[in-house]
$ cat data-v3.cif   # mmCIF, C-alpha atoms
data_my_file
#
loop_
_atom_site.label_atom_id
_atom_site.label_comp_id
_atom_site.auth_asym_id
_atom_site.auth_seq_id
_atom_site.Cartn_x
_atom_site.Cartn_y
_atom_site.Cartn_z
CA MET A 1 131.38 -33.56 117.18
CA ARG A 2 127.90 -34.88 117.98
CA TYR A 3 129.24 -36.13 121.33
CA LEU A 4 130.16 -32.56 122.29
CA ILE A 5 126.74 -30.96 121.74
CA PRO A 6 125.04 -32.06 125.01
CA HIS A 7 128.18 -31.32 127.02
CA VAL A 8 128.66 -27.83 125.57
CA SER A 9 124.94 -27.04 125.93
CA VAL A 10 125.03 -27.83 129.64
CA THR A 11 128.16 -25.72 130.05
CA ALA A 12 126.58 -22.77 128.25
CA ALA A 13 123.51 -22.98 130.48
CA VAL A 14 125.65 -23.01 133.61
CA LEU A 15 127.67 -20.00 132.43
CA ALA A 16 124.51 -18.06 131.61
CA CYS A 17 123.10 -18.70 135.07
CA LEU A 18 126.31 -17.58 136.79
CA VAL A 19 126.94 -14.36 134.90
CA SER A 20 126.35 -12.22 138.01
CA ALA A 21 129.27 -13.69 140.04
CA ARG A 22 132.71 -12.27 140.88
CA ALA A 23 135.91 -13.97 139.63
CA ASP A 24 139.55 -14.48 140.64
CA GLU A 25 141.30 -13.96 137.31
CA ARG A 26 144.24 -15.82 135.76
CA ARG A 27 146.74 -14.54 133.18
CA PHE A 28 147.73 -18.00 131.83
CA THR A 29 146.02 -21.27 130.91
CA TYR A 30 148.85 -23.83 131.15
CA SER A 31 150.84 -22.16 133.95
CA TYR A 32 149.33 -21.80 137.41
CA GLU A 33 150.05 -18.65 139.38
CA PRO A 34 150.90 -18.95 143.11
CA GLU A 35 147.85 -17.04 144.36
CA VAL A 36 144.91 -19.09 145.71
CA LEU A 37 141.29 -18.19 146.43
CA PRO A 38 140.79 -16.36 149.74
CA GLU A 39 139.03 -18.11 152.59
CA GLY A 40 135.36 -18.64 151.75
CA GLY A 41 135.84 -17.85 148.04
CA LEU A 42 133.97 -20.04 145.55
CA GLU A 43 134.61 -20.15 141.81
CA PHE A 44 133.41 -22.13 138.79
CA GLU A 45 135.82 -22.66 135.89
CA GLN A 46 135.23 -24.19 132.46
CA TRP A 47 138.29 -25.63 130.70
CA ILE A 48 138.24 -26.36 126.94
CA THR A 49 141.45 -27.76 125.40
CA LEU A 50 141.95 -28.71 121.76
CA ARG A 51 144.93 -30.91 120.87
CA THR A 52 145.03 -31.14 117.09
CA GLN A 53 147.01 -32.80 114.28
CA ARG A 54 149.30 -35.72 114.96
CA THR A 55 150.24 -38.50 112.55
CA SER A 56 150.22 -41.69 114.61
CA GLY A 57 149.00 -43.15 117.87
CA GLY A 58 151.14 -46.20 118.53
CA GLU A 59 150.53 -48.59 115.64
CA VAL A 60 147.63 -46.56 114.19
CA LYS A 61 148.45 -44.10 111.39
CA GLN A 62 146.17 -41.12 111.93
CA GLY A 63 144.93 -38.19 109.90
CA ASN A 64 142.88 -35.13 110.86
CA PHE A 65 143.40 -35.92 114.55
CA ASN A 66 141.46 -33.82 117.09
CA LEU A 67 141.17 -34.33 120.84
CA TRP A 68 138.82 -32.10 122.82
CA GLU A 69 139.40 -32.17 126.58
CA LEU A 70 136.61 -30.73 128.75
CA ARG A 71 136.94 -30.02 132.46
CA GLN A 72 134.43 -28.45 134.83
CA GLU A 73 136.00 -27.14 138.04
CA LEU A 74 134.44 -25.96 141.30
CA GLU A 75 137.07 -24.33 143.54
CA TYR A 76 136.70 -23.35 147.21
CA GLY A 77 139.04 -21.32 149.40
CA VAL A 78 139.42 -23.33 152.61
CA SER A 79 141.77 -20.71 154.05
CA ASP A 80 143.75 -17.76 152.72
CA ASN A 81 146.60 -20.21 151.95
CA TYR A 82 144.74 -23.36 150.86
CA SER A 83 142.17 -24.00 148.14
CA VAL A 84 140.57 -27.24 146.95
CA SER A 85 138.86 -27.98 143.62
CA LEU A 86 136.60 -30.74 142.31
CA TYR A 87 136.89 -31.55 138.59
CA LEU A 88 134.70 -33.52 136.21
CA ASN A 89 136.82 -34.63 133.24
CA ALA A 90 135.79 -35.74 129.75
CA ALA A 91 137.37 -36.07 126.30
CA ALA A 92 136.16 -36.44 122.71
CA GLU A 93 138.61 -37.87 120.15
CA SER A 94 138.29 -38.15 116.38
CA PHE A 95 140.67 -39.08 113.54
CA ARG A 96 140.92 -40.89 110.21
CA ASP A 97 142.43 -44.37 110.57
CA TYR A 98 144.80 -44.98 107.64
CA THR A 99 145.68 -48.50 108.79
CA GLN A 100 142.26 -49.57 107.48
CA THR A 101 141.50 -50.22 103.80
CA PRO A 102 139.75 -48.05 102.84
CA PRO A 103 140.56 -45.47 105.56
CA SER A 104 137.79 -45.06 108.11
CA ASP A 105 136.77 -42.23 110.42
CA ARG A 106 136.83 -43.03 114.12
CA SER A 107 135.52 -41.06 117.09
CA GLN A 108 134.74 -41.66 120.74
CA PHE A 109 133.66 -39.76 123.84
CA ASP A 110 135.04 -40.77 127.25
CA PHE A 111 134.25 -39.68 130.76
CA GLN A 112 137.69 -39.51 132.33
CA GLY A 113 136.74 -39.47 135.96
CA VAL A 114 136.82 -37.15 138.90
CA SER A 115 139.86 -35.34 140.26
CA VAL A 116 140.51 -33.27 143.37
CA GLU A 117 143.03 -30.44 143.14
CA ASN A 118 144.78 -29.20 146.28
CA ARG A 119 146.88 -26.00 146.30
CA TYR A 120 148.72 -24.72 149.36
CA MET A 121 150.46 -21.33 149.19
CA VAL A 122 153.69 -21.58 151.17
CA LEU A 123 154.97 -18.09 150.30
CA ASN A 124 152.60 -15.26 149.44
CA PRO A 125 154.03 -13.26 146.48
CA ALA A 126 152.69 -10.06 148.08
CA GLU A 127 155.06 -10.63 151.02
CA HIS A 128 158.10 -12.32 149.45
CA VAL A 129 160.45 -11.98 146.50
CA ALA A 130 158.52 -14.76 144.76
CA GLY A 131 155.40 -16.72 145.56
CA LEU A 132 155.55 -20.49 146.15
CA THR A 133 152.59 -22.86 146.03
CA LEU A 134 152.50 -26.69 146.25
CA TYR A 135 149.96 -28.61 144.17
CA LEU A 136 148.58 -32.16 144.39
CA GLU A 137 145.82 -33.58 142.18
CA PRO A 138 144.68 -37.22 142.29
CA ARG A 139 142.30 -38.46 139.56
CA TYR A 140 140.29 -41.69 139.32
CA SER A 141 137.98 -43.07 136.61
CA GLY A 142 137.63 -46.77 137.43
CA ASP A 143 140.09 -48.23 134.90
CA GLN A 144 142.54 -45.30 135.09
CA ALA A 145 144.14 -43.29 137.87
CA GLU A 146 146.65 -40.46 138.09
CA ILE A 147 148.51 -38.40 140.68
CA GLU A 148 149.97 -35.05 139.60
CA GLU A 149 152.29 -32.82 141.62
CA LYS A 150 153.46 -29.27 140.88
CA ILE A 151 155.81 -26.69 142.31
CA ILE A 152 154.36 -23.29 141.39
CA LEU A 153 156.47 -20.12 141.43
CA GLY A 154 155.53 -16.61 140.37
CA GLN A 155 155.57 -12.89 140.99
CA ARG A 156 154.29 -9.53 139.74
CA TYR A 157 156.47 -6.51 138.91
CA GLY A 158 154.34 -3.51 138.07
CA ASN A 159 152.33 -4.44 134.96
CA TRP A 160 154.38 -7.59 134.38
CA LYS A 161 153.64 -11.04 135.81
CA TRP A 162 155.42 -14.38 135.46
CA ALA A 163 154.72 -17.94 136.57
CA LEU A 164 156.88 -21.08 136.46
CA ASN A 165 155.50 -24.60 137.04
CA LEU A 166 157.56 -27.76 137.60
CA SER A 167 155.28 -30.76 137.22
CA HIS A 168 155.40 -34.54 137.60
CA ALA A 169 152.60 -37.06 137.13
CA THR A 170 152.18 -40.82 137.40
CA GLU A 171 149.34 -42.39 135.42
CA TRP A 172 147.99 -45.94 135.69
CA ILE A 173 146.12 -47.13 132.56
CA ASP A 174 144.90 -50.46 131.06
CA ASN A 175 142.84 -51.23 134.16
CA LEU A 176 145.69 -49.92 136.32
CA HIS A 177 148.16 -52.48 134.92
CA THR A 178 150.41 -50.06 133.00
CA THR A 179 152.33 -47.16 134.51
CA GLU A 180 153.51 -44.04 132.75
CA GLY A 181 155.41 -41.06 134.11
CA GLU A 182 155.22 -37.50 132.83
CA VAL A 183 157.54 -34.55 133.47
CA GLU A 184 156.61 -31.03 132.43
CA VAL A 185 157.95 -27.49 132.72
CA SER A 186 155.73 -24.53 131.86
CA LEU A 187 156.49 -20.81 131.93
CA GLY A 188 154.23 -17.81 131.42
CA LEU A 189 155.06 -14.12 131.05
CA ALA A 190 152.32 -11.51 130.64
CA ARG A 191 151.88 -7.75 130.68
CA ASP A 192 148.72 -5.92 131.73
CA LEU A 193 147.72 -3.44 129.03
CA ASN A 194 145.00 -1.90 131.22
CA GLN A 195 142.62 -3.01 133.96
CA HIS A 196 140.89 -5.49 131.63
CA TRP A 197 143.38 -6.86 129.08
CA SER A 198 146.68 -8.75 129.35
CA VAL A 199 148.87 -10.29 126.66
CA GLY A 200 151.90 -12.53 126.89
CA LEU A 201 153.63 -15.78 126.00
CA GLU A 202 153.47 -19.29 127.38
CA LEU A 203 156.08 -22.02 126.96
CA ARG A 204 155.57 -25.70 127.78
CA ASN A 205 157.89 -28.69 127.58
CA HIS A 206 156.24 -32.11 128.06
CA ASN A 207 157.99 -35.49 128.37
CA GLU A 208 156.79 -39.10 128.75
CA LEU A 209 158.51 -41.98 130.59
CA PRO A 210 156.70 -45.33 130.03
CA ASP A 211 157.06 -47.56 133.10
CA TYR A 212 159.83 -45.16 134.20
CA ARG A 213 162.25 -47.30 132.17
CA ILE A 214 163.04 -44.97 129.27
CA TRP A 215 162.68 -41.28 128.43
CA GLU A 216 160.49 -41.85 125.38
CA ASN A 217 159.88 -38.39 123.95
CA THR A 218 159.91 -34.64 124.43
CA ALA A 219 157.87 -31.80 122.90
CA LEU A 220 158.32 -28.04 123.22
CA TYR A 221 155.41 -25.65 122.67
CA ILE A 222 155.40 -21.85 122.69
CA GLY A 223 152.71 -19.36 121.78
CA PRO A 224 150.70 -16.27 122.70
CA VAL A 225 148.24 -15.94 125.57
CA ILE A 226 145.59 -13.27 125.97
CA SER A 227 143.33 -12.70 128.97
CA TYR A 228 140.36 -10.46 129.76
CA ARG A 229 138.81 -9.75 133.14
CA GLN A 230 135.81 -8.00 134.59
CA GLU A 231 134.78 -7.62 138.21
CA LYS A 232 132.68 -10.78 138.13
CA TRP A 233 134.38 -13.03 135.56
CA TRP A 234 137.53 -13.60 133.53
CA THR A 235 138.72 -15.57 130.50
CA ALA A 236 142.11 -16.56 129.05
CA LEU A 237 143.15 -18.15 125.74
CA THR A 238 146.47 -19.73 124.75
CA VAL A 239 147.47 -21.00 121.28
CA MET A 240 150.72 -23.01 121.31
CA PRO A 241 152.20 -24.73 118.26
CA GLN A 242 154.88 -27.36 118.75
CA VAL A 243 158.22 -25.82 117.77
CA PHE A 244 160.47 -28.80 118.52
CA GLY A 245 160.03 -32.44 119.42
CA ALA A 246 161.86 -35.74 119.40
CA ASN A 247 161.02 -39.40 119.92
CA PHE A 248 163.98 -41.28 121.38
CA ASN A 249 162.53 -44.65 120.36
CA GLY A 250 162.76 -44.18 116.59
CA ASN A 251 160.53 -41.77 114.66
CA PRO A 252 157.00 -43.24 114.57
CA GLY A 253 155.47 -39.83 113.89
CA GLY A 254 157.41 -39.50 110.65
CA ASN A 255 158.71 -35.97 111.25
CA SER A 256 162.36 -35.11 111.73
CA TRP A 257 161.89 -32.10 114.03
CA LEU A 258 158.49 -32.62 115.71
CA GLU A 259 157.16 -35.39 117.96
CA LEU A 260 153.83 -36.36 116.39
CA GLU A 261 153.09 -39.76 117.87
CA ALA A 262 152.11 -38.76 121.43
CA HIS A 263 152.03 -34.98 120.92
CA GLU A 264 150.14 -32.72 118.54
CA ARG A 265 151.22 -29.91 116.23
CA VAL A 266 149.04 -27.37 118.04
CA ASN A 267 147.50 -27.09 121.52
CA VAL A 268 144.76 -24.52 122.24
CA ARG A 269 143.23 -23.87 125.66
CA LEU A 270 140.36 -21.61 126.72
CA LEU A 271 139.51 -20.95 130.38
CA ILE A 272 136.44 -19.14 131.71
CA GLY A 273 136.15 -18.36 135.41
CA ILE A 274 133.16 -17.04 137.36
CA SER A 275 133.01 -16.42 141.12
CA LEU A 276 129.96 -17.58 143.05
#
$ encode --input "data-v3.cif" --output "structure tokens"
Amino acid sequence: MRYLIPHVSVTAAVLACLVSARADERRFTYSYEPEVLPEGGLEFEQWITLRTQRTSGGEVKQGNFNLWELRQELEYGVSDNYSVSLYLNAAAESFRDYTQTPPSDRSQFDFQGVSVENRYMVLNPAEHVAGLTLYLEPRYSGDQAEIEEKIILGQRYGNWKWALNLSHATEWIDNLHTTEGEVEVSLGLARDLNQHWSVGLELRNHNELPDYRIWENTALYIGPVISYRQEKWWTALTVMPQVFGANFNGNPGGNSWLELEAHERVNVRLLIGISL
């Protein structure tokens, strides 16, 4: 936790300084919507994700596992169809290591590099049956690299809005010597209660493919999302427990209906957006 204090303090200072800006709101935190910033638009976003409670990480038996992922995003609308974002990524991990005698508490803070998100809106949802946006995000941190692609679909019907994301990522770790693939599907459905509040559900299925040789695991999450927006800023919060998971390479997590080696029991994400 002590590693988070400087990071959170800087974030709070930035948010306080930017309170007078206008925002482009989102209804979901795990599912992107097809709309992009208009040309010339500029927005700051703070991402805070908590991934909590899993029982093992490879050969290490873990207890009280918590992973905080922190991302600072600056997004710019290059045109009415294309926006680009710069991210600074960091993570703070802590857990009790039960492979040690006696068990010991372990924690670390890592800067996880810089990434550049590109979103191009192929079909504007205001003009078509459904919106379609293509997404590409490369990330590099020296000893790790990743490329993530998404197909983003979505539409609004009156007070209802939905978004569907089909995602694939390739990650290079261990000084770029090891490759891992990831496949994910996320779905969000929300209803506007009034001009400020929206509530809904998000669903996410995440899968890992080490070296693209085997389909190692799968985990399904579902939970509520709530969002609030004002003229100059917005925020959204999702809480998603794992409802089903499986590890196809045995059961290292020790649970018959959840995947608790590479995935957690609960994922929580908070987004705050402010236009500049």
$ resolve_selection --input "data-v3.cif" --expression "the PyMOL selection byres ((chain A and resi 244) around 6)" --output "list of chain:residue names"
A:Ala219, A:Leu220, A:Gln242, A:Val243, A:Gly245, A:Trp257, A:Leu258
$ residues_around --input "data-v3.cif" --residues "A:Tyr135" --least-positions-apart "6" --cutoff "12 Å" --atoms "only C-alpha atoms" --output "PyMOL selection string"
chain A and resi 32-36+81-85+116-122+147-153+165-169
$ write_last_selection --input "data-v3.cif" --atoms "C-alpha atoms" --output "PDB file, in the frame of the given file"
ATOM      1  CA  TYR A  32     149.330 -21.800 137.410  1.00  0.00           C
ATOM      2  CA  GLU A  33     150.050 -18.650 139.380  1.00  0.00           C
ATOM      3  CA  PRO A  34     150.900 -18.950 143.110  1.00  0.00           C
ATOM      4  CA  GLU A  35     147.850 -17.040 144.360  1.00  0.00           C
ATOM      5  CA  VAL A  36     144.910 -19.090 145.710  1.00  0.00           C
ATOM      6  CA  ASN A  81     146.600 -20.210 151.950  1.00  0.00           C
ATOM      7  CA  TYR A  82     144.740 -23.360 150.860  1.00  0.00           C
ATOM      8  CA  SER A  83     142.170 -24.000 148.140  1.00  0.00           C
ATOM      9  CA  VAL A  84     140.570 -27.240 146.950  1.00  0.00           C
ATOM     10  CA  SER A  85     138.860 -27.980 143.620  1.00  0.00           C
ATOM     11  CA  VAL A 116     140.510 -33.270 143.370  1.00  0.00           C
ATOM     12  CA  GLU A 117     143.030 -30.440 143.140  1.00  0.00           C
ATOM     13  CA  ASN A 118     144.780 -29.200 146.280  1.00  0.00           C
ATOM     14  CA  ARG A 119     146.880 -26.000 146.300  1.00  0.00           C
ATOM     15  CA  TYR A 120     148.720 -24.720 149.360  1.00  0.00           C
ATOM     16  CA  MET A 121     150.460 -21.330 149.190  1.00  0.00           C
ATOM     17  CA  VAL A 122     153.690 -21.580 151.170  1.00  0.00           C
ATOM     18  CA  ILE A 147     148.510 -38.400 140.680  1.00  0.00           C
ATOM     19  CA  GLU A 148     149.970 -35.050 139.600  1.00  0.00           C
ATOM     20  CA  GLU A 149     152.290 -32.820 141.620  1.00  0.00           C
ATOM     21  CA  LYS A 150     153.460 -29.270 140.880  1.00  0.00           C
ATOM     22  CA  ILE A 151     155.810 -26.690 142.310  1.00  0.00           C
ATOM     23  CA  ILE A 152     154.360 -23.290 141.390  1.00  0.00           C
ATOM     24  CA  LEU A 153     156.470 -20.120 141.430  1.00  0.00           C
ATOM     25  CA  ASN A 165     155.500 -24.600 137.040  1.00  0.00           C
ATOM     26  CA  LEU A 166     157.560 -27.760 137.600  1.00  0.00           C
ATOM     27  CA  SER A 167     155.280 -30.760 137.220  1.00  0.00           C
ATOM     28  CA  HIS A 168     155.400 -34.540 137.600  1.00  0.00           C
ATOM     29  CA  ALA A 169     152.600 -37.060 137.130  1.00  0.00           C
TER      30      ALA A 169
END
$ residues_around --input "data-v3.cif" --residues "A:His177" --least-positions-apart "3" --cutoff "12 Å" --atoms "all atoms listed in the file" --output "NGL selection string"
:A and (143-145 or 171-174 or 180 or 211)
$ resolve_selection --input "data-v3.cif" --expression "the PyMOL selection byres ((chain A and resi 196) around 6)" --output "VMD selection string"
chain A and resid 194 to 195 197 228 to 229
$ residues_around --input "data-v3.cif" --residues "A:Phe111" --least-positions-apart "5" --cutoff "7 Å" --atoms "all atoms listed in the file" --output "PyMOL selection string"
chain A and resi 89-91
$ closest_residue --input "data-v3.cif" --among "A:Pro241, A:Gly223, A:Pro102, A:Gly142" --to "A:Arg51" --atoms "all atoms listed in the file"
A:Pro241
$ atom_distance --input "data-v3.cif" --atom1 "atom CA of A:Glu69" --atom2 "atom CA of A:Ala92"
6.6 Å
$ closest_residue --input "data-v3.cif" --among "A:Leu209, A:Leu67, A:Met240, A:Leu74" --to "A:Phe95" --atoms "all atoms listed in the file"
A:Leu67
$ resolve_selection --input "data-v3.cif" --expression "the PyMOL selection byres ((chain A and resi 115) around 9)" --output "PyMOL selection string"
chain A and resi 85-89+113-114+116-117+137-141+146
